[in-house]
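Here is the structure we will look at.
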Amino acid sequence: MKKMRIWYDQEGDMLEIGFGKRKGYMKDVGDDIWLRIEEDELKGFLILNFSKRVEKEKEIKIPVKISFA
């Protein structure tokens, strides 16, 4: 099972959640959300301006589906 990595950069105001190693490329899906893709598989995502989202909303919607086995 791959480990989930959650990292918040307060200075850059970015939240990154990754699955496995940090490889692949980043794809902009809009609204300051980027997906990390490797071999057509989702490896993680990055949310820019994260603290502004938390202040305004009680729930943060991310345009990806995650399944845990």
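Going by the structure tokens order, chains are called A, B, ..., each with residues numbered from 1, while ligands are numbered from 1 in the order shown.
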Practice task
Fewer than 5 positions away in the same chain doesn't count, so skip those; otherwise give me all residues within 10 Å of Arg22 (chain A), counting only C-alpha atoms, as a ChimeraX atom specification.
Solution key: /A:5,36-38,43-44
Would you write out those residues with N, CA and C atoms, as a PDB file, in the first residue's frame?
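Below is the file that was written, result10.pdb:
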```
ATOM      1  N   ARG A   5       0.826  11.324   1.621  1.00  0.00           N
ATOM      2  CA  ARG A   5       1.631  12.410   2.163  1.00  0.00           C
ATOM      3  C   ARG A   5       0.811  13.687   2.093  1.00  0.00           C
ATOM      4  N   ARG A  36      -1.329  15.838  -9.929  1.00  0.00           N
ATOM      5  CA  ARG A  36      -0.055  15.202 -10.258  1.00  0.00           C
ATOM      6  C   ARG A  36      -0.384  13.868 -10.928  1.00  0.00           C
ATOM      7  N   ILE A  37       0.052  13.713 -12.175  1.00  0.00           N
ATOM      8  CA  ILE A  37      -0.263  12.548 -12.991  1.00  0.00           C
ATOM      9  C   ILE A  37       1.032  11.806 -13.336  1.00  0.00           C
ATOM     10  N   GLU A  38       0.995  10.491 -13.240  1.00  0.00           N
ATOM     11  CA  GLU A  38       2.114   9.660 -13.683  1.00  0.00           C
ATOM     12  C   GLU A  38       1.535   8.440 -14.394  1.00  0.00           C
ATOM     13  N   LYS A  43      -1.572  10.721  -8.938  1.00  0.00           N
ATOM     14  CA  LYS A  43      -0.592  10.501  -7.869  1.00  0.00           C
ATOM     15  C   LYS A  43      -0.720  11.535  -6.758  1.00  0.00           C
ATOM     16  N   GLY A  44      -1.569  12.533  -6.958  1.00  0.00           N
ATOM     17  CA  GLY A  44      -1.761  13.544  -5.929  1.00  0.00           C
ATOM     18  C   GLY A  44      -2.379  14.799  -6.509  1.00  0.00           C
TER      19      GLY A  44
END
```
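For region 3-66 of chain A, backbone-based DSSP assignment of helix (DSSP H, G or I) covers Phe50, Ser51, Lys52, Arg53, Val54, Glu55 and Lys56 of chain A.
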Just write the chosen residues, C-alpha atoms, as a PDB file, in the first residue's frame.
```pdb
ATOM      1  CA  PHE A  50      -5.645  27.038   0.515  1.00  0.00           C
ATOM      2  CA  SER A  51      -6.212  29.203   3.610  1.00  0.00           C
ATOM      3  CA  LYS A  52      -8.596  31.497   1.707  1.00  0.00           C
ATOM      4  CA  ARG A  53     -10.749  28.470   0.819  1.00  0.00           C
ATOM      5  CA  VAL A  54     -10.883  27.255   4.418  1.00  0.00           C
ATOM      6  CA  GLU A  55     -11.925  30.669   5.756  1.00  0.00           C
ATOM      7  CA  LYS A  56     -14.868  30.960   3.339  1.00  0.00           C
TER       8      LYS A  56
END
```
Exercise for the section: Tell me, as a list in words, which residues lie within 10 Å of Leu15 (chain A), counting only C-alpha atoms; anything in the same chain fewer than 6 positions away does not count. Expected result: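 These residues fall inside the cut-off: Ile6, Trp7, Tyr8, Asp9, Ile33, Phe45, Leu46, Ile47, Leu48, Asn49, Phe50 and Ser51 of chain A.
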